[in-house]
$ cat structure-v8.pdb   # PDB, C-alpha atoms
ATOM      1  CA  MET A 157     -19.307 -13.421   8.798  1.00  0.00           C
ATOM      2  CA  THR A 158     -18.473 -16.698  10.545  1.00  0.00           C
ATOM      3  CA  ALA A 159     -14.885 -16.500   9.311  1.00  0.00           C
ATOM      4  CA  PHE A 160     -14.702 -12.918  10.532  1.00  0.00           C
ATOM      5  CA  VAL A 161     -15.970 -13.778  14.009  1.00  0.00           C
ATOM      6  CA  ASP A 162     -13.603 -16.765  14.181  1.00  0.00           C
ATOM      7  CA  GLY A 163     -10.708 -14.506  13.202  1.00  0.00           C
ATOM      8  CA  LEU A 164     -11.637 -11.968  15.842  1.00  0.00           C
ATOM      9  CA  CYS A 165     -11.848 -14.675  18.483  1.00  0.00           C
ATOM     10  CA  ARG A 166      -8.302 -15.802  17.653  1.00  0.00           C
ATOM     11  CA  ASP A 167      -6.917 -12.278  17.977  1.00  0.00           C
ATOM     12  CA  GLU A 168      -3.896 -11.993  20.255  1.00  0.00           C
ATOM     13  CA  ARG A 169      -5.139  -8.771  21.864  1.00  0.00           C
ATOM     14  CA  PRO A 170      -8.757  -9.238  22.949  1.00  0.00           C
ATOM     15  CA  GLU A 171      -8.744  -5.913  24.822  1.00  0.00           C
ATOM     16  CA  SER A 172      -8.168  -4.131  21.518  1.00  0.00           C
ATOM     17  CA  LEU A 173     -11.128  -6.001  20.059  1.00  0.00           C
ATOM     18  CA  ILE A 174     -13.391  -4.889  22.865  1.00  0.00           C
ATOM     19  CA  THR A 175     -12.356  -1.272  22.314  1.00  0.00           C
ATOM     20  CA  TRP A 176     -12.794  -1.688  18.576  1.00  0.00           C
ATOM     21  CA  ILE A 177     -16.293  -3.171  18.893  1.00  0.00           C
ATOM     22  CA  ARG A 178     -17.420  -0.328  21.188  1.00  0.00           C
ATOM     23  CA  SER A 179     -17.322   2.055  18.238  1.00  0.00           C
ATOM     24  CA  ALA A 180     -20.838   2.744  16.970  1.00  0.00           C
ATOM     25  CA  GLN A 181     -19.467   3.130  13.443  1.00  0.00           C
ATOM     26  CA  MET A 182     -17.779  -0.258  13.613  1.00  0.00           C
ATOM     27  CA  ARG A 183     -20.921  -1.939  14.918  1.00  0.00           C
ATOM     28  CA  GLU A 184     -22.891  -0.324  12.086  1.00  0.00           C
ATOM     29  CA  MET A 185     -20.398  -1.589   9.508  1.00  0.00           C
ATOM     30  CA  LEU A 186     -20.563  -5.098  10.975  1.00  0.00           C
ATOM     31  CA  ARG A 187     -24.370  -4.978  10.948  1.00  0.00           C
ATOM     32  CA  LYS A 188     -24.405  -3.914   7.292  1.00  0.00           C
ATOM     33  CA  LEU A 189     -21.981  -6.698   6.391  1.00  0.00           C
ATOM     34  CA  ALA A 190     -24.001  -9.267   8.344  1.00  0.00           C
ATOM     35  CA  VAL A 191     -27.332  -8.421   6.699  1.00  0.00           C
ATOM     36  CA  GLY A 192     -25.841  -7.926   3.236  1.00  0.00           C
ATOM     37  CA  GLU A 193     -26.410  -4.171   2.944  1.00  0.00           C
ATOM     38  CA  ILE A 194     -22.783  -3.962   1.867  1.00  0.00           C
ATOM     39  CA  SER A 195     -20.823  -6.801   0.358  1.00  0.00           C
ATOM     40  CA  MET A 196     -17.731  -8.329   1.941  1.00  0.00           C
ATOM     41  CA  SER A 197     -15.534  -6.900  -0.799  1.00  0.00           C
ATOM     42  CA  HIS A 198     -13.314  -3.912  -1.403  1.00  0.00           C
ATOM     43  CA  GLU A 199     -16.139  -2.371  -3.419  1.00  0.00           C
ATOM     44  CA  GLY A 200     -18.491  -2.860  -0.467  1.00  0.00           C
ATOM     45  CA  ILE A 201     -16.042  -1.247   1.929  1.00  0.00           C
ATOM     46  CA  ASP A 202     -15.612   1.625  -0.559  1.00  0.00           C
ATOM     47  CA  GLU A 203     -19.316   2.365  -0.021  1.00  0.00           C
ATOM     48  CA  LEU A 204     -18.425   3.392   3.531  1.00  0.00           C
ATOM     49  CA  GLY A 205     -16.480   6.336   2.142  1.00  0.00           C
ATOM     50  CA  GLN A 206     -12.850   7.397   2.357  1.00  0.00           C
ATOM     51  CA  GLY A 207     -10.589   8.236   5.246  1.00  0.00           C
ATOM     52  CA  HIS A 208      -8.584   6.784   8.088  1.00  0.00           C
ATOM     53  CA  ARG A 209     -11.444   4.880   9.738  1.00  0.00           C
ATOM     54  CA  VAL A 210     -12.448   3.114   6.544  1.00  0.00           C
ATOM     55  CA  THR A 211      -8.798   2.318   5.796  1.00  0.00           C
ATOM     56  CA  HIS A 212      -8.438   0.835   9.287  1.00  0.00           C
ATOM     57  CA  ARG A 213     -11.569  -1.300   8.903  1.00  0.00           C
ATOM     58  CA  ARG A 214     -10.404  -2.526   5.515  1.00  0.00           C
ATOM     59  CA  GLY A 215      -7.036  -3.404   7.055  1.00  0.00           C
ATOM     60  CA  LEU A 216      -8.705  -5.457   9.762  1.00  0.00           C
ATOM     61  CA  LEU A 217     -10.714  -7.392   7.195  1.00  0.00           C
ATOM     62  CA  GLU A 218      -7.550  -7.989   5.167  1.00  0.00           C
ATOM     63  CA  HIS A 219      -5.611  -9.026   8.276  1.00  0.00           C
ATOM     64  CA  HIS A 220      -8.216 -11.651   9.128  1.00  0.00           C
ATOM     65  CA  GLY A 221      -8.188 -12.998   5.572  1.00  0.00           C
ATOM     66  CA  LEU A 222     -11.696 -11.851   4.725  1.00  0.00           C
ATOM     67  CA  LEU A 223     -10.552  -9.519   1.969  1.00  0.00           C
ATOM     68  CA  PRO A 224      -7.563  -9.956  -0.290  1.00  0.00           C
ATOM     69  CA  GLU A 225      -4.859  -7.356   0.205  1.00  0.00           C
ATOM     70  CA  HIS A 226      -5.190  -4.416  -2.116  1.00  0.00           C
ATOM     71  CA  ASP A 227      -2.951  -1.575  -3.168  1.00  0.00           C
ATOM     72  CA  ALA A 228      -4.031   1.465  -1.151  1.00  0.00           C
ATOM     73  CA  ASP A 229      -2.010   3.853  -3.325  1.00  0.00           C
ATOM     74  CA  LEU A 230      -3.674   2.565  -6.477  1.00  0.00           C
ATOM     75  CA  ALA A 231      -7.119   2.796  -4.871  1.00  0.00           C
ATOM     76  CA  HIS A 232      -6.398   6.375  -3.799  1.00  0.00           C
ATOM     77  CA  PHE A 233      -5.248   7.264  -7.319  1.00  0.00           C
ATOM     78  CA  GLU A 234      -8.338   5.673  -8.886  1.00  0.00           C
ATOM     79  CA  HIS A 235     -10.594   7.684  -6.567  1.00  0.00           C
ATOM     80  CA  TRP A 236      -8.655  10.887  -7.290  1.00  0.00           C
ATOM     81  CA  LEU A 237      -8.807  10.221 -11.030  1.00  0.00           C
ATOM     82  CA  GLN A 238     -12.560   9.651 -10.965  1.00  0.00           C
ATOM     83  CA  VAL A 239     -13.115  12.966  -9.174  1.00  0.00           C
ATOM     84  CA  LYS A 240     -10.953  14.766 -11.739  1.00  0.00           C
ATOM     85  CA  LEU A 241     -12.631  13.053 -14.700  1.00  0.00           C
ATOM     86  CA  ASP A 242     -16.085  13.870 -13.345  1.00  0.00           C
ATOM     87  CA  ALA A 243     -15.092  17.551 -13.356  1.00  0.00           C
ATOM     88  CA  ILE A 244     -14.403  17.491 -17.112  1.00  0.00           C
ATOM     89  CA  GLY A 245     -17.594  18.396 -18.913  1.00  0.00           C
ATOM     90  CA  GLU A 246     -16.584  17.956 -22.537  1.00  0.00           C
ATOM     91  CA  ALA A 247     -16.362  14.385 -23.809  1.00  0.00           C
ATOM     92  CA  ALA A 248     -13.772  15.426 -26.399  1.00  0.00           C
ATOM     93  CA  VAL A 249     -11.470  16.527 -23.571  1.00  0.00           C
ATOM     94  CA  ARG A 250     -12.372  13.824 -21.065  1.00  0.00           C
ATOM     95  CA  GLN A 251     -11.814  10.861 -23.391  1.00  0.00           C
ATOM     96  CA  PRO A 252      -8.106  11.434 -24.120  1.00  0.00           C
ATOM     97  CA  VAL A 253      -7.394  12.362 -20.490  1.00  0.00           C
ATOM     98  CA  GLU A 254      -9.092   9.174 -19.296  1.00  0.00           C
ATOM     99  CA  GLN A 255      -7.324   7.086 -21.902  1.00  0.00           C
ATOM    100  CA  PHE A 256      -3.941   8.499 -20.899  1.00  0.00           C
ATOM    101  CA  ALA A 257      -4.567   8.069 -17.162  1.00  0.00           C
ATOM    102  CA  THR A 258      -5.736   4.496 -17.421  1.00  0.00           C
TER     103      THR A 258
END

$ encode --input "structure-v8.pdb" --output "structure tokens"
Amino acid sequence: MTAFVDGLCRDERPESLITWIRSAQMREMLRKLAVGEISMSHEGIDELGQGHRVTHRRGLLEHHGLLPEHDADLAHFEHWLQVKLDAIGEAAVRQPVEQFAT
């Protein structure tokens, strides 16, 4: 978290930071990161769900060098694939579909 705070303090637009920190959802994410409820990783950020807000938060962490950049299209596909695979009840059908997709 120290690296994150240092990165925020070096930001070129402090007014944007103040607006950003006012968000209750952002403060909750920062609290969870600080106390270790979620890990400072892409997997940890995935626990926050999907959508624009999570994508924005992930981007901020990547921008400040706290997370390595990741392929958003690949992550979206992997999530989509998991949902589709979970809908297949028969293992005999699921296995070849999963093998092909991965």

$ resolve_selection --input "structure-v8.pdb" --expression "the PyMOL selection byres ((chain A and resi 201) around 10)" --output "list in words"
Met185, Leu189, Ile194, Ser195, Met196, Ser197, His198, Glu199, Gly200, Asp202, Glu203, Leu204, Gly205, Gln206, Val210, Thr211, Arg213, Arg214, Leu217 and Leu223 of chain A

$ residues_around --input "structure-v8.pdb" --residues "range 176-181 of chain A" --least-positions-apart "4" --cutoff "12 Å" --atoms "all atoms listed in the file" --output "list in words"
Val161, Leu164, Arg169, Pro170, Glu171, Ser172, Met185, Leu186, Arg187, Lys188, Leu204, Arg209, Val210, His212, Arg213 and Leu216 of chain A

$ closest_residue --input "structure-v8.pdb" --among "A:Glu168, A:Thr158, A:Glu234, A:Thr175" --to "Ala257 in chain A" --atoms "only C-alpha atoms"
A:Glu234

$ resolve_selection --input "structure-v8.pdb" --expression "the PyMOL selection byres ((chain A and resi 220) around 10)" --output "list of chain:residue names"
A:Ala159, A:Phe160, A:Val161, A:Asp162, A:Gly163, A:Leu164, A:Arg166, A:Asp167, A:Gly215, A:Leu216, A:Leu217, A:Glu218, A:His219, A:Gly221, A:Leu222, A:Leu223, A:Pro224

$ atom_distance --input "structure-v8.pdb" --atom1 "CA of Gly207 in chain A" --atom2 "CA of Gln238 in chain A"
16.4 Å

$ build_atoms --input "structure-v8.pdb" --residues "range 182-197 of chain A" --atoms "N, CA, C and O atoms" --output "mmCIF file, keeping the file's coordinate frame"
data_model
loop_
_atom_site.group_PDB
_atom_site.id
_atom_site.type_symbol
_atom_site.label_atom_id
_atom_site.label_comp_id
_atom_site.auth_asym_id
_atom_site.auth_seq_id
_atom_site.Cartn_x
_atom_site.Cartn_y
_atom_site.Cartn_z
ATOM 1 N N MET A 182 -18.207 1.113 13.899
ATOM 2 C CA MET A 182 -17.779 -0.258 13.613
ATOM 3 C C MET A 182 -18.948 -1.228 13.737
ATOM 4 O O MET A 182 -19.127 -2.104 12.899
ATOM 5 N N ARG A 183 -19.747 -1.062 14.759
ATOM 6 C CA ARG A 183 -20.921 -1.939 14.918
ATOM 7 C C ARG A 183 -21.864 -1.789 13.729
ATOM 8 O O ARG A 183 -22.425 -2.768 13.240
ATOM 9 N N GLU A 184 -22.021 -0.558 13.245
ATOM 10 C CA GLU A 184 -22.891 -0.324 12.086
ATOM 11 C C GLU A 184 -22.317 -0.997 10.845
ATOM 12 O O GLU A 184 -23.049 -1.602 10.069
ATOM 13 N N MET A 185 -21.005 -0.915 10.653
ATOM 14 C CA MET A 185 -20.398 -1.589 9.508
ATOM 15 C C MET A 185 -20.603 -3.098 9.617
ATOM 16 O O MET A 185 -20.983 -3.748 8.637
ATOM 17 N N LEU A 186 -20.385 -3.657 10.793
ATOM 18 C CA LEU A 186 -20.563 -5.098 10.975
ATOM 19 C C LEU A 186 -22.009 -5.510 10.730
ATOM 20 O O LEU A 186 -22.276 -6.550 10.122
ATOM 21 N N ARG A 187 -22.948 -4.676 11.175
ATOM 22 C CA ARG A 187 -24.370 -4.978 10.948
ATOM 23 C C ARG A 187 -24.664 -4.993 9.449
ATOM 24 O O ARG A 187 -25.307 -5.918 8.943
ATOM 25 N N LYS A 188 -24.165 -3.993 8.734
ATOM 26 C CA LYS A 188 -24.405 -3.914 7.292
ATOM 27 C C LYS A 188 -23.785 -5.105 6.560
ATOM 28 O O LYS A 188 -24.378 -5.637 5.623
ATOM 29 N N LEU A 189 -22.597 -5.514 6.994
ATOM 30 C CA LEU A 189 -21.981 -6.698 6.391
ATOM 31 C C LEU A 189 -22.803 -7.944 6.681
ATOM 32 O O LEU A 189 -23.014 -8.784 5.810
ATOM 33 N N ALA A 190 -23.262 -8.069 7.926
ATOM 34 C CA ALA A 190 -24.001 -9.267 8.344
ATOM 35 C C ALA A 190 -25.322 -9.429 7.602
ATOM 36 O O ALA A 190 -25.707 -10.550 7.260
ATOM 37 N N VAL A 191 -26.024 -8.322 7.359
ATOM 38 C CA VAL A 191 -27.332 -8.421 6.699
ATOM 39 C C VAL A 191 -27.240 -8.251 5.188
ATOM 40 O O VAL A 191 -28.246 -8.311 4.496
ATOM 41 N N GLY A 192 -26.023 -8.025 4.680
ATOM 42 C CA GLY A 192 -25.841 -7.926 3.236
ATOM 43 C C GLY A 192 -26.115 -6.564 2.643
ATOM 44 O O GLY A 192 -26.230 -6.428 1.425
ATOM 45 N N GLU A 193 -26.219 -5.522 3.481
ATOM 46 C CA GLU A 193 -26.410 -4.171 2.944
ATOM 47 C C GLU A 193 -25.169 -3.714 2.190
ATOM 48 O O GLU A 193 -25.276 -2.913 1.258
ATOM 49 N N ILE A 194 -24.015 -4.177 2.621
ATOM 50 C CA ILE A 194 -22.783 -3.962 1.867
ATOM 51 C C ILE A 194 -22.115 -5.320 1.721
ATOM 52 O O ILE A 194 -22.242 -6.191 2.578
ATOM 53 N N SER A 195 -21.442 -5.501 0.609
ATOM 54 C CA SER A 195 -20.823 -6.801 0.358
ATOM 55 C C SER A 195 -19.459 -6.872 1.027
ATOM 56 O O SER A 195 -18.794 -5.861 1.246
ATOM 57 N N MET A 196 -19.044 -8.088 1.354
ATOM 58 C CA MET A 196 -17.731 -8.329 1.941
ATOM 59 C C MET A 196 -16.724 -8.308 0.792
ATOM 60 O O MET A 196 -16.272 -9.340 0.306
ATOM 61 N N SER A 197 -16.451 -7.101 0.322
ATOM 62 C CA SER A 197 -15.534 -6.900 -0.799
ATOM 63 C C SER A 197 -14.936 -5.507 -0.667
ATOM 64 O O SER A 197 -15.423 -4.675 0.107
#
